[in-house]
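Quick notes on the structure that follows.
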Amino acid sequence: METKNFKRVLVWELPVRFFHWINVLSLIVLTISGFLIANPPALMANVEATAINRFGTVRMIHFIAGYVFFFNMIMRVYWLFVGNRFSNWRAFWPFRKKTRKGFWRVIKLDVLLLNEKEGEKEPRKIGHNSVAIFTYIAMFFVALVSIATGFALYADMSSWWLPDMFEWVTPLLGDDYTVRWVHHVAMWLFIFFSMVHVYLVFYHDYVEGHGEVSSMFGGYKFVNEKRIKHNQELEQEKKEKSA
């Protein structure tokens with residue numbers, strides 16, 4: 001029986017892990033408060049309406065979470081240029097032939113659950129796979145739309161220069177109703193993405209046993225030595241071609 005030797009490899013650096021969990025918390029707060037703003041519940045109280053401001057508090061929480069989400073995105077964009085090879089912008093470059101080929105391979109194995117032929121077997125990527133690369137690029141643009149429409153809606157009631165920078169969004173889309181609709185659709189795209197993302201992370205963790213879930217807490221994955229060697233060979237080939 002073949003013994004599989006695993007090495008502990010640092011994949012996700014601390015700033016990437018911070019970005020991930022701050023993103024998770026801010027999106028949860030934004031989603032819950034966004035639903036309450038879109039469809040406010042009738043809150044019963046035994047005091048005069050002028051003495052409470054619960055809806056204003058919900059809006060304030062939503063705005064604060066929006067600012068956290070925005071500045072967290074800026075931090076991640078910065079880390080695209082200073083991070084390691086798993087979080088650097090080169091890891092998200094979608095125009096490689098290998099990335100496009102890997103996209104259909106991941107769809108076949110992880111989504112359609114088809115068996116891989118013996119001659120087609122390849123080591124899985126240590127960092128993001130090809131589907132994740134295309135998905136994260138798409139969600140980055142969804143995040144930009146969400147930020148732009150959110151600040152556009154906030155600009156009329158804000159006296160700060162940052163929301164005012166997005167006043168052009170409302171005339172571009174036509175009116176406030178359309179801006180709110182686009183903002184709402186972006187929220188649902190995040191909800192759908194989160195559901196699929198959580199499923200695939202636990203799926204990979206169960207099937208591969210490389211610490212997919214724990215890696216976003218501690219940063220490390222347990223990777224087969226053959227897989228590490230294969231990736232090192234690919235990196236060396238890239239360096240030789242670019243030399």
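In the structure tokens, the first chain shown is A, the next is B, and so on; residue numbers restart at 1 for each chain, and ligands run from 1 in the order shown.
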Subject >> Contacts of region 151-160 of chain A within 7 Å, only C-alpha atoms, excl. fewer than 6 positions in-chain, as a PyMOL selection string >> reply: chain A and resi 166-167+169-170
Name all residues at most 10 Å from Val179 (chain A) (count only C-alpha atoms; drop same-chain ones fewer than 4 positions away) and give them as an mmCIF file with C-alpha atoms, in the first residue's frame.
data_model
loop_
_atom_site.group_PDB
_atom_site.id
_atom_site.type_symbol
_atom_site.label_atom_id
_atom_site.label_comp_id
_atom_site.auth_asym_id
_atom_site.auth_seq_id
_atom_site.Cartn_x
_atom_site.Cartn_y
_atom_site.Cartn_z
ATOM 1 C CA VAL A 145 -21.268 47.293 -8.259
ATOM 2 C CA SER A 146 -22.554 46.798 -4.721
ATOM 3 C CA ALA A 148 -20.972 51.950 -6.131
ATOM 4 C CA THR A 149 -24.757 51.580 -5.848
ATOM 5 C CA GLY A 150 -24.660 51.573 -2.044
ATOM 6 C CA ALA A 152 -24.851 56.321 -4.572
ATOM 7 C CA LEU A 153 -27.937 55.732 -2.424
ATOM 8 C CA VAL A 169 -24.140 56.255 -10.535
ATOM 9 C CA THR A 170 -27.782 57.341 -10.139
ATOM 10 C CA PRO A 171 -27.946 59.388 -13.390
ATOM 11 C CA LEU A 172 -26.101 56.554 -15.153
ATOM 12 C CA LEU A 173 -28.704 53.948 -14.112
ATOM 13 C CA GLY A 174 -31.645 56.314 -14.477
ATOM 14 C CA ASP A 175 -33.168 56.746 -11.027
ATOM 15 C CA HIS A 183 -27.948 46.892 -5.210
ATOM 16 C CA HIS A 184 -30.503 44.265 -4.165
ATOM 17 C CA VAL A 185 -29.541 41.888 -7.002
#
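One distance worth recording is that between CA of Val223 (chain A) and CA of Lys7 (chain A), which is 5.3 Å.
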Subject >> Non-local contacts of Trp21 (chain A) (12 Å; only C-alpha atoms; under 6 positions in same chain excluded) as an NGL selection string >> reply: :A and (14-15 or 27-28 or 68-69 or 72 or 216-217)
Selection from above, C-alpha atoms, as a CSV table (one decimal), in the first residue's frame, can you write it?
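Saved to out01.csv:
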chain,number,residue,atom,x,y,z
A,14,LEU,CA,-2.5,36.5,7.8
A,15,PRO,CA,-3.8,39.6,5.9
A,27,LEU,CA,-21.5,40.7,4.5
A,28,ILE,CA,-23.7,39.0,7.2
A,68,VAL,CA,-15.8,48.2,6.6
A,69,PHE,CA,-16.5,46.2,3.4
A,72,ASN,CA,-11.4,45.8,3.5
A,216,MET,CA,-8.5,29.8,6.5
A,217,PHE,CA,-8.0,29.9,10.3
Original post:
By how many Å are CA of Phe202 (chain A) and CA of Phe141 (chain A) apart?
Top reply: 25.3 Å
**OP:** Using DSSP on the backbone coordinates, identify all residues within region 59-102 of chain A classified as helix (DSSP H, G or I); present the result as a PyMOL selection string.
**Re:** chain A and resi 59-82+89-92+97-102
For C-alpha atoms, I'd like the residues from the last selection saved as a PDB file, in the first residue's frame.
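Okay, out-v4.pdb is ready:
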ATOM      1  CA  ARG A  59     -29.382  52.126   8.794  1.00  0.00           C
ATOM      2  CA  MET A  60     -26.343  53.278  10.773  1.00  0.00           C
ATOM      3  CA  ILE A  61     -25.208  49.658  11.242  1.00  0.00           C
ATOM      4  CA  HIS A  62     -25.663  49.051   7.508  1.00  0.00           C
ATOM      5  CA  PHE A  63     -23.586  52.128   6.624  1.00  0.00           C
ATOM      6  CA  ILE A  64     -20.787  51.197   9.051  1.00  0.00           C
ATOM      7  CA  ALA A  65     -20.661  47.648   7.669  1.00  0.00           C
ATOM      8  CA  GLY A  66     -20.554  49.143   4.162  1.00  0.00           C
ATOM      9  CA  TYR A  67     -17.509  51.249   5.038  1.00  0.00           C
ATOM     10  CA  VAL A  68     -15.793  48.201   6.586  1.00  0.00           C
ATOM     11  CA  PHE A  69     -16.528  46.184   3.431  1.00  0.00           C
ATOM     12  CA  PHE A  70     -15.169  48.992   1.216  1.00  0.00           C
ATOM     13  CA  PHE A  71     -11.881  49.530   3.069  1.00  0.00           C
ATOM     14  CA  ASN A  72     -11.413  45.788   3.451  1.00  0.00           C
ATOM     15  CA  MET A  73     -11.631  45.494  -0.351  1.00  0.00           C
ATOM     16  CA  ILE A  74      -8.969  48.186  -0.717  1.00  0.00           C
ATOM     17  CA  MET A  75      -6.679  46.231   1.601  1.00  0.00           C
ATOM     18  CA  ARG A  76      -7.156  43.080  -0.509  1.00  0.00           C
ATOM     19  CA  VAL A  77      -6.391  44.960  -3.726  1.00  0.00           C
ATOM     20  CA  TYR A  78      -3.165  46.179  -2.114  1.00  0.00           C
ATOM     21  CA  TRP A  79      -2.290  42.608  -1.110  1.00  0.00           C
ATOM     22  CA  LEU A  80      -2.690  41.507  -4.728  1.00  0.00           C
ATOM     23  CA  PHE A  81       0.652  43.225  -5.353  1.00  0.00           C
ATOM     24  CA  VAL A  82       2.584  42.258  -2.197  1.00  0.00           C
ATOM     25  CA  TRP A  89      -2.643  38.980  -8.807  1.00  0.00           C
ATOM     26  CA  ARG A  90      -0.766  36.469 -10.986  1.00  0.00           C
ATOM     27  CA  ALA A  91      -2.698  33.669  -9.266  1.00  0.00           C
ATOM     28  CA  PHE A  92      -5.939  35.207 -10.600  1.00  0.00           C
ATOM     29  CA  LYS A  97      -4.568  28.084 -21.502  1.00  0.00           C
ATOM     30  CA  LYS A  98      -3.977  25.884 -18.441  1.00  0.00           C
ATOM     31  CA  THR A  99      -6.465  27.940 -16.412  1.00  0.00           C
ATOM     32  CA  ARG A 100      -9.185  27.595 -19.063  1.00  0.00           C
ATOM     33  CA  LYS A 101      -8.517  23.859 -19.356  1.00  0.00           C
ATOM     34  CA  GLY A 102      -8.578  23.480 -15.594  1.00  0.00           C
TER      35      GLY A 102
END
Subject >> One-decimal distance in Å that lies between CA of Met139 (chain A) and CA of Ser194 (chain A) >> reply: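 The value is 10.5 Å.
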Original post:
Near Val196 (chain A), within 12 Å and counting only C-alpha atoms, which residues show up once chain neighbours fewer than 5 positions away are dropped, as a PyMOL selection string?
Top reply: chain A and resi 110-111+131-132+135+189-191+201-203
